[in-house]
Structures are given as C-alpha cells and as structure tokens.
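The file my_file.pdb comes next; it holds PDB, C-alpha atoms and all ligand atoms.
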```pdb
MODEL        1
ATOM      1  CA  MET J   1     143.787 -35.791  49.137
ATOM      2  CA  ALA J   2     142.791 -32.675  50.975
ATOM      3  CA  LYS J   3     141.924 -29.506  49.128
ATOM      4  CA  GLN J   4     142.838 -26.235  50.750
ATOM      5  CA  GLY J   5     141.965 -22.828  49.423
ATOM      6  CA  GLY J   6     144.250 -20.995  51.788
ATOM      7  CA  TRP J   7     147.573 -21.747  53.415
ATOM      8  CA  ARG J   8     149.519 -24.981  53.072
ATOM      9  CA  PRO J   9     147.749 -28.138  54.270
ATOM     10  CA  ASP J  10     151.030 -29.551  55.584
ATOM     11  CA  PRO J  11     153.992 -27.203  55.876
ATOM     12  CA  ASP J  12     156.475 -30.094  56.113
ATOM     13  CA  LEU J  13     155.771 -31.622  52.707
ATOM     14  CA  PRO J  14     157.950 -30.946  49.674
ATOM     15  CA  GLU J  15     156.125 -28.747  47.217
ATOM     16  CA  ILE J  16     155.623 -28.468  43.462
ATOM     17  CA  ALA J  17     153.932 -25.437  41.932
ATOM     18  CA  PHE J  18     152.014 -25.160  38.653
ATOM     19  CA  ALA J  19     152.091 -21.883  36.748
ATOM     20  CA  GLY J  20     150.791 -20.519  33.476
ATOM     21  CA  ARG J  21     148.666 -17.849  31.962
ATOM     22  CA  SER J  22     144.887 -18.009  32.300
ATOM     23  CA  ASN J  23     143.216 -20.464  29.947
ATOM     24  CA  VAL J  24     146.464 -22.348  29.221
ATOM     25  CA  GLY J  25     144.753 -25.564  30.379
ATOM     26  CA  LYS J  26     146.153 -25.786  33.920
ATOM     27  CA  SER J  27     142.970 -27.037  35.618
ATOM     28  CA  SER J  28     142.480 -29.614  32.859
ATOM     29  CA  LEU J  29     146.093 -30.769  33.191
ATOM     30  CA  LEU J  30     145.786 -31.092  36.972
ATOM     31  CA  ASN J  31     142.576 -33.098  36.657
ATOM     32  CA  ARG J  32     144.217 -35.451  34.152
ATOM     33  CA  LEU J  33     147.373 -35.726  36.241
ATOM     34  CA  MET J  34     145.443 -36.527  39.413
ATOM     35  CA  ARG J  35     142.937 -38.711  37.555
ATOM     36  CA  ARG J  36     140.078 -36.686  38.979
ATOM     37  CA  LYS J  37     137.205 -35.087  37.108
ATOM     38  CA  SER J  38     137.057 -32.080  39.341
ATOM     39  CA  PHE J  39     140.318 -31.804  41.217
ATOM     40  CA  ALA J  40     140.708 -28.302  39.852
ATOM     41  CA  ARG J  41     137.816 -26.413  38.318
ATOM     42  CA  VAL J  42     137.915 -26.026  34.540
ATOM     43  CA  SER J  43     136.703 -22.603  33.720
ATOM     44  CA  ASN J  44     135.242 -20.807  30.755
ATOM     45  CA  THR J  45     135.788 -17.543  32.563
ATOM     46  CA  PRO J  46     139.543 -17.110  32.521
ATOM     47  CA  GLY J  47     141.255 -15.142  35.195
ATOM     48  CA  ARG J  48     138.831 -15.778  38.021
ATOM     49  CA  THR J  49     141.185 -17.459  40.450
ATOM     50  CA  ARG J  50     143.140 -15.061  42.606
ATOM     51  CA  GLU J  51     144.414 -17.322  45.324
ATOM     52  CA  ILE J  52     147.050 -19.981  45.488
ATOM     53  CA  HIS J  53     145.336 -23.326  46.045
ATOM     54  CA  PHE J  54     147.280 -25.955  47.957
ATOM     55  CA  PHE J  55     146.571 -29.676  47.784
ATOM     56  CA  ASN J  56     148.058 -32.473  49.823
ATOM     57  CA  VAL J  57     148.641 -35.219  47.245
ATOM     58  CA  ASN J  58     148.589 -38.643  48.933
ATOM     59  CA  LYS J  59     150.671 -37.205  51.779
ATOM     60  CA  LEU J  60     153.553 -37.323  49.277
ATOM     61  CA  PHE J  61     153.819 -33.702  48.316
ATOM     62  CA  CYS J  62     152.032 -30.412  48.379
ATOM     63  CA  LEU J  63     150.760 -29.174  45.024
ATOM     64  CA  ALA J  64     150.481 -25.408  44.710
ATOM     65  CA  ASP J  65     148.125 -24.245  41.973
ATOM     66  CA  LEU J  66     149.215 -20.677  41.222
ATOM     67  CA  PRO J  67     146.666 -18.223  39.834
ATOM     68  CA  GLY J  68     146.711 -17.826  36.060
ATOM     69  CA  TYR J  69     148.273 -14.623  34.816
ATOM     70  CA  GLY J  70     148.083 -12.424  31.789
ATOM     71  CA  TYR J  71     144.414 -12.520  30.937
ATOM     72  CA  ALA J  72     143.786  -9.365  28.944
ATOM     73  CA  LYS J  73     140.442  -8.529  30.495
ATOM     74  CA  ILE J  74     141.660  -8.558  34.073
ATOM     75  CA  SER J  75     141.775  -5.076  35.495
ATOM     76  CA  LYS J  76     145.104  -3.368  36.064
ATOM     77  CA  ALA J  77     144.529  -3.479  39.806
ATOM     78  CA  ARG J  78     144.084  -7.260  39.688
ATOM     79  CA  LYS J  79     147.191  -7.629  37.530
ATOM     80  CA  ALA J  80     149.132  -5.603  40.058
ATOM     81  CA  GLU J  81     148.014  -8.049  42.780
ATOM     82  CA  TRP J  82     149.322 -11.053  40.905
ATOM     83  CA  ARG J  83     153.013 -10.262  40.840
ATOM     84  CA  PRO J  84     153.612  -9.751  44.574
ATOM     85  CA  LEU J  85     151.468 -12.804  45.323
ATOM     86  CA  ILE J  86     153.496 -15.091  43.060
ATOM     87  CA  GLU J  87     156.861 -13.524  43.835
ATOM     88  CA  GLY J  88     156.141 -13.642  47.547
ATOM     89  CA  TYR J  89     155.119 -17.271  47.276
ATOM     90  CA  LEU J  90     158.157 -18.342  45.244
ATOM     91  CA  LYS J  91     160.594 -16.547  47.524
ATOM     92  CA  ASP J  92     158.993 -17.866  50.672
ATOM     93  CA  SER J  93     158.647 -21.569  49.878
ATOM     94  CA  PRO J  94     161.608 -23.338  51.431
ATOM     95  CA  LEU J  95     160.334 -26.792  50.434
ATOM     96  CA  LEU J  96     159.609 -25.887  46.815
ATOM     97  CA  ARG J  97     161.246 -28.589  44.670
ATOM     98  CA  GLY J  98     160.211 -27.297  41.296
ATOM     99  CA  VAL J  99     157.712 -25.545  39.090
ATOM    100  CA  VAL J 100     155.706 -26.934  36.202
ATOM    101  CA  GLN J 101     155.365 -24.050  33.766
ATOM    102  CA  LEU J 102     152.558 -24.504  31.260
ATOM    103  CA  LEU J 103     152.592 -23.146  27.711
ATOM    104  CA  ASP J 104     149.856 -23.453  25.095
ATOM    105  CA  VAL J 105     151.309 -25.178  22.032
ATOM    106  CA  ARG J 106     149.480 -22.828  19.664
ATOM    107  CA  HIS J 107     150.845 -19.594  21.085
ATOM    108  CA  ASP J 108     154.287 -18.101  21.300
ATOM    109  CA  PRO J 109     155.250 -17.358  24.903
ATOM    110  CA  THR J 110     153.847 -13.995  25.956
ATOM    111  CA  GLU J 111     155.694 -11.209  27.720
ATOM    112  CA  ASP J 112     154.111 -12.415  30.956
ATOM    113  CA  ASP J 113     155.390 -15.941  30.298
ATOM    114  CA  LEU J 114     158.896 -14.613  29.711
ATOM    115  CA  THR J 115     158.756 -12.523  32.885
ATOM    116  CA  MET J 116     157.755 -15.628  34.819
ATOM    117  CA  LEU J 117     160.554 -17.688  33.230
ATOM    118  CA  ASP J 118     163.154 -15.024  34.031
ATOM    119  CA  PHE J 119     161.924 -14.963  37.557
ATOM    120  CA  LEU J 120     162.161 -18.750  37.925
ATOM    121  CA  ALA J 121     165.639 -18.715  36.382
ATOM    122  CA  ASP J 122     166.763 -15.971  38.801
ATOM    123  CA  LEU J 123     165.523 -18.018  41.736
ATOM    124  CA  GLY J 124     167.158 -21.145  40.324
ATOM    125  CA  VAL J 125     163.992 -23.226  40.696
ATOM    126  CA  PRO J 126     164.040 -26.452  38.616
ATOM    127  CA  THR J 127     161.371 -26.014  35.954
ATOM    128  CA  ILE J 128     159.499 -28.506  33.793
ATOM    129  CA  PHE J 129     157.772 -27.135  30.707
ATOM    130  CA  ALA J 130     154.433 -28.746  29.951
ATOM    131  CA  VAL J 131     153.185 -27.758  26.504
ATOM    132  CA  THR J 132     149.409 -28.084  26.556
ATOM    133  CA  LYS J 133     146.598 -28.734  24.054
ATOM    134  CA  ILE J 134     148.813 -30.797  21.737
ATOM    135  CA  ASP J 135     145.646 -32.378  20.297
ATOM    136  CA  LYS J 136     144.801 -29.016  18.718
ATOM    137  CA  LEU J 137     147.629 -29.497  16.196
ATOM    138  CA  ARG J 138     147.796 -31.984  13.368
ATOM    139  CA  LYS J 139     150.215 -34.830  14.086
ATOM    140  CA  LEU J 140     152.807 -33.654  11.577
ATOM    141  CA  GLU J 141     152.796 -30.143  13.010
ATOM    142  CA  VAL J 142     153.690 -31.207  16.549
ATOM    143  CA  LYS J 143     157.424 -31.904  16.291
ATOM    144  CA  PRO J 144     158.392 -28.752  14.340
ATOM    145  CA  ARG J 145     156.262 -26.640  16.674
ATOM    146  CA  LEU J 146     157.928 -28.093  19.774
ATOM    147  CA  GLU J 147     161.329 -27.469  18.198
ATOM    148  CA  THR J 148     160.407 -23.848  17.501
ATOM    149  CA  LEU J 149     159.165 -23.364  21.052
ATOM    150  CA  SER J 150     162.241 -24.946  22.601
ATOM    151  CA  LYS J 151     164.534 -22.784  20.465
ATOM    152  CA  PHE J 152     162.559 -19.689  21.388
ATOM    153  CA  LEU J 153     162.956 -20.512  25.074
ATOM    154  CA  GLY J 154     166.543 -21.725  24.802
ATOM    155  CA  LEU J 155     165.612 -25.180  26.069
ATOM    156  CA  ASP J 156     166.559 -28.702  25.163
ATOM    157  CA  ILE J 157     163.640 -30.455  23.509
ATOM    158  CA  ASP J 158     163.728 -33.068  26.281
ATOM    159  CA  GLN J 159     163.008 -30.411  28.932
ATOM    160  CA  ILE J 160     159.546 -30.170  27.390
ATOM    161  CA  VAL J 161     156.647 -32.494  28.147
ATOM    162  CA  PRO J 162     154.029 -32.441  25.376
ATOM    163  CA  PHE J 163     150.614 -32.733  27.023
ATOM    164  CA  SER J 164     146.972 -33.113  26.111
ATOM    165  CA  ALA J 165     144.273 -33.205  28.755
ATOM    166  CA  THR J 166     141.903 -34.403  26.038
ATOM    167  CA  THR J 167     143.844 -37.501  24.952
ATOM    168  CA  GLY J 168     145.979 -38.074  28.066
ATOM    169  CA  LEU J 169     149.224 -37.638  26.113
ATOM    170  CA  GLY J 170     152.093 -36.799  28.456
ATOM    171  CA  ARG J 171     150.270 -37.681  31.679
ATOM    172  CA  ASP J 172     152.619 -40.479  32.687
ATOM    173  CA  GLU J 173     155.718 -38.602  31.534
ATOM    174  CA  LEU J 174     154.730 -35.606  33.627
ATOM    175  CA  ALA J 175     153.967 -37.795  36.655
ATOM    176  CA  SER J 176     157.423 -39.392  36.492
ATOM    177  CA  ALA J 177     159.086 -36.011  36.009
ATOM    178  CA  LEU J 178     157.383 -34.885  39.240
ATOM    179  CA  ILE J 179     158.587 -38.001  41.054
ATOM    180  CA  ASP J 180     162.127 -37.241  39.858
ATOM    181  CA  LEU J 181     161.841 -33.685  41.203
ATOM    182  CA  LEU J 182     160.630 -34.977  44.558
ATOM    183  CA  ALA J 183     163.496 -37.471  44.755
ATOM    184  CA  LEU J 184     166.173 -34.805  44.242
TER     185      LEU J 184
HETATM  186  P1  LIG J 201     143.097 -22.798  33.046
HETATM  187  O1  LIG J 201     142.441 -21.437  32.999
HETATM  188  O2  LIG J 201     144.549 -22.708  32.725
HETATM  189  O3  LIG J 201     142.832 -23.594  34.297
HETATM  190  O4  LIG J 201     142.493 -23.630  31.798
HETATM  191  P2  LIG J 201     141.322 -24.706  31.767
HETATM  192  O5  LIG J 201     141.821 -26.046  32.175
HETATM  193  O6  LIG J 201     140.132 -24.140  32.473
HETATM  194  O7  LIG J 201     141.088 -24.791  30.172
HETATM  195  C1  LIG J 201     140.756 -23.656  29.400
HETATM  196  C2  LIG J 201     140.022 -24.134  28.149
HETATM  197  O8  LIG J 201     140.887 -24.941  27.339
HETATM  198  C3  LIG J 201     138.801 -25.009  28.474
HETATM  199  O9  LIG J 201     137.799 -24.716  27.530
HETATM  200  C4  LIG J 201     139.334 -26.421  28.297
HETATM  201  O10 LIG J 201     138.337 -27.345  27.948
HETATM  202  C5  LIG J 201     140.336 -26.238  27.150
HETATM  203  N1  LIG J 201     141.441 -27.230  27.232
HETATM  204  C6  LIG J 201     142.264 -27.433  28.285
HETATM  205  N2  LIG J 201     143.174 -28.397  28.018
HETATM  206  C7  LIG J 201     142.905 -28.834  26.753
HETATM  207  C8  LIG J 201     143.507 -29.826  25.897
HETATM  208  O11 LIG J 201     144.482 -30.533  26.234
HETATM  209  N3  LIG J 201     142.972 -29.962  24.649
HETATM  210  C9  LIG J 201     141.911 -29.207  24.216
HETATM  211  N4  LIG J 201     141.465 -29.407  22.984
HETATM  212  N5  LIG J 201     141.334 -28.259  24.997
HETATM  213  C10 LIG J 201     141.818 -28.073  26.253
ENDMDL
END
```

Target format structure tokens, applied to this file:
Amino acid sequence: MAKQGGWRPDPDLPEIAFAGRSNVGKSSLLNRLMRRKSFARVSNTPGRTREIHFFNVNKLFCLADLPGYGYAKISKARKAEWRPLIEGYLKDSPLLRGVVQLLDVRHDPTEDDLTMLDFLADLGVPTIFAVTKIDKLRKLEVKPRLETLSKFLGLDIDQIVPFSATTGLGRDELASALIDLLAL
C-alpha cells in the first residue's frame, strides 16, 4: 500500500473518496478500515490537512482522503481554498466510483455538510454515509438518532453505515459497501 501526498499513485485505478468536516473521525475510520494504526494521522489539531492524500490500496483501488472542511478556526482564506480544491477534484476524477461521506452521530449536519451533499447529488456520485463515533451514544439512543439523521438527509436508513473506530462497529459493513461500489 503506497502512500502519496500528491497526485494519484496510479491513474488507472478506480477511485473512492472520503469526505467530512474536520474532526469527524475520518483518519480514525480510515485506520480502522485499513487495519493500520497509522494509515492516516489522527489529529488533535483539526483542520491541518490541506491536500488530497491518495493511497493505492492493494492495487485494487485508489483511496482519496479529502481535506476536512468546516473547522471554525480555519481562516477565511483557507476556507476559500477548500472549495475549488474539492470541486476541482470531484469534477476531474473520471474513475471516481463513489464517495464515503462521514457525519458525526452527535451533530446535525452543518451547512458545509449540506453544501457537500448537494454538490455530490448534482454530480450524481454514488454516496455512502458513514455515521461516526456511535460509541459516544448510549445503546438505546442509537436507532432513534440514526432515524432522525436519515430523515433530515432524506435518506433510507439502509444507506447509512453506523461506525465506531473505537469498537470496530461497521468496519466490515463499510468494507463490503466499498467492494460493491468497485464492482459497479
Ligand atoms: P479527522 O479530523 O476527521 O481525521 O478526525 P480524527 O480521526 O483525527 O478524530 C478526531 C477526534 O475524534 C480524535 O480525538 C479521535 O480520537 C476521536 N474519534 C474518532 N473516531 C472516534 C470514534 O469512533 N469514537 C470515539 N469515541 N472517538 C473517536
């Protein structure tokens, strides 16, 4: 598995991108998914990554780790950089098979999340919704919260993969959803 900080490691591979706001748990999810401790760097300083990181995963597909958006303390100039970077990437990725959009189970989707979702819908990119940090809720709270989130987003509950990097919940479900996307 080769890590690349810059352009795609292999331009012929199908691609899956991971998106979400800063601190949503994207690095932790990627580490759990890839069964690596430090595949992606978990950060206590949200909003530091500005680039798209590409990884060749077992020569099977290219994983694009998009920079987290929406962190309040990022300067306006940095925020202004984000949109063209992501939009440019999404429009110019002929082998993109889908996007995994992350949402923190404890928070309602932000305006930035909704902008991203509109954008993905406009482009017609298949999207999987991974709802992170499920372990932060009590067991009985999980189902009603997922129902609320899916209603809010106008999704079917089965379009959502509940995930916890801490317990490993959802890891296998997400992996098979990715395989399905790649097989399309
Ligand atoms: P990123 O900015 O989206 O890459 O988020 P990180 O993976 O760096 O995680 C941000 C913070 O949330 C870190 O303190 C993580 O330890 C914590 N975190 C991430 N995923 C989980 C999870 O599933 N459960 C819990 N309890 N904490 C998590």

With a cut-off of 10 Å, could you pull out the residues of chain J touching ligand LIG 201 (chain J) and give me the nearest pair of atoms for each, distance in Å to one decimal, using all atoms listed in the file, ordered by chain and ascending number, as a tab-separated table?
```
residue	atom	partner	partner_atom	distance
J:Phe18	CA	J:LIG201	O2	9.8
J:Ala19	CA	J:LIG201	O2	8.6
J:Gly20	CA	J:LIG201	O2	6.7
J:Arg21	CA	J:LIG201	O2	6.4
J:Ser22	CA	J:LIG201	O1	4.3
J:Asn23	CA	J:LIG201	O1	3.3
J:Val24	CA	J:LIG201	O2	4.0
J:Gly25	CA	J:LIG201	O4	3.3
J:Lys26	CA	J:LIG201	O2	3.7
J:Ser27	CA	J:LIG201	O3	3.7
J:Ser28	CA	J:LIG201	O5	3.7
J:Leu29	CA	J:LIG201	N2	6.4
J:Leu30	CA	J:LIG201	O5	8.0
J:Asn31	CA	J:LIG201	O5	8.4
J:Arg32	CA	J:LIG201	O11	9.3
J:Ala40	CA	J:LIG201	O3	7.6
J:Arg41	CA	J:LIG201	O6	6.7
J:Val42	CA	J:LIG201	O6	3.6
J:Ser43	CA	J:LIG201	O6	4.0
J:Asn44	CA	J:LIG201	O9	5.7
J:Thr45	CA	J:LIG201	O1	7.7
J:Pro46	CA	J:LIG201	O1	5.2
J:Gly47	CA	J:LIG201	O1	6.8
J:Arg48	CA	J:LIG201	O1	8.4
J:Thr49	CA	J:LIG201	O1	8.5
J:Asp65	CA	J:LIG201	O3	9.3
J:Leu66	CA	J:LIG201	O3	9.9
J:Pro67	CA	J:LIG201	O3	8.6
J:Gly68	CA	J:LIG201	O2	6.3
J:Tyr69	CA	J:LIG201	O2	9.1
J:Tyr71	CA	J:LIG201	O1	9.4
J:Leu102	CA	J:LIG201	O2	8.3
J:Leu103	CA	J:LIG201	O2	9.5
J:Asp104	CA	J:LIG201	N2	8.8
J:Val105	CA	J:LIG201	O11	9.6
J:Val131	CA	J:LIG201	O11	9.1
J:Thr132	CA	J:LIG201	O11	5.5
J:Lys133	CA	J:LIG201	O11	3.5
J:Ile134	CA	J:LIG201	O11	6.2
J:Asp135	CA	J:LIG201	N3	5.7
J:Lys136	CA	J:LIG201	N4	5.4
J:Leu137	CA	J:LIG201	N4	9.2
J:Pro162	CA	J:LIG201	O11	9.8
J:Phe163	CA	J:LIG201	O11	6.6
J:Ser164	CA	J:LIG201	O11	3.6
J:Ala165	CA	J:LIG201	O11	3.7
J:Thr166	CA	J:LIG201	O11	4.7
J:Thr167	CA	J:LIG201	O11	7.1
J:Gly168	CA	J:LIG201	O11	7.9
J:Leu169	CA	J:LIG201	O11	8.5
```

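Our summary of the geometry notes that atom CA of J:Ile128 is positioned 7.8 Å from atom CA of J:Ala177.
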
>> Under the rule that only C-alpha atoms are counted, which of J:Leu60, J:Leu146, J:Leu33, J:Leu153 is the nearest residue to J:Asp118?
In response: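 Answer, going by the shortest atom-to-atom distance: J:Leu153.
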
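Interatomic distance, atom CA of J:Leu155 against atom CA of J:Pro126: 12.7 Å.
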
> Mind telling me what the PyMOL selection byres (((chain J and resi 97) around 8) and not hetatm) catches here, as a list in words?
Replying inline: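 After applying the PyMOL selection byres (((chain J and resi 97) around 8) and not hetatm), what remains is Pro14, Glu15, Ile16, Leu95, Leu96, Gly98, Val99, Val125, Pro126, Leu181, Leu182 and Leu184 of chain J.
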
>> For this structure, which residues satisfy the selection - the PyMOL selection byres (((chain J and resi 62) around 7) and not hetatm) - when it is evaluated on the file as given? I want them as an MDAnalysis selection string.
In response: chainID J and resid 13:16 54:57 61 63:64

> Given the file above and the PyMOL selection byres (((chain J and resi 119) around 12) and not hetatm), which residues are selected, and can you give them as a ChimeraX atom specification?
Replying inline: /J:83,86-88,90-91,99,101,112-118,120-127

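Distances to J:Glu147 were evaluated for J:Ile160, J:Asp180, J:Asp10, J:Glu173 using only C-alpha atoms, and the minimum falls at J:Ile160.
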
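The gap separating atom CA of J:Gln159 from atom CA of J:Gly70 is 23.5 Å, in Å to one decimal.
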
Kindly provide, as AutoDock Vina command-line options, the centre and edge lengths (Å, one decimal) of an axis-aligned box around all atoms of stretch 148-155 of chain J given in the file, with 6 Å on each side.
```
--center_x 162.9 --center_y -22.4 --center_z 21.8 --size_x 19.4 --size_y 17.5 --size_z 20.6
```

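For the choices J:Gly170, J:Pro9, J:Pro94, J:Gly154, the atom-to-atom distance to J:Lys59 is smallest for J:Pro9 when using only C-alpha atoms.
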
> Of the residues J:Leu178, J:Val100, J:Ile52, J:Ala130, which is the one nearest to J:Ser150, using all atoms listed in the file?
Replying inline: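 Of all the options, J:Ala130 lies closest to J:Ser150.
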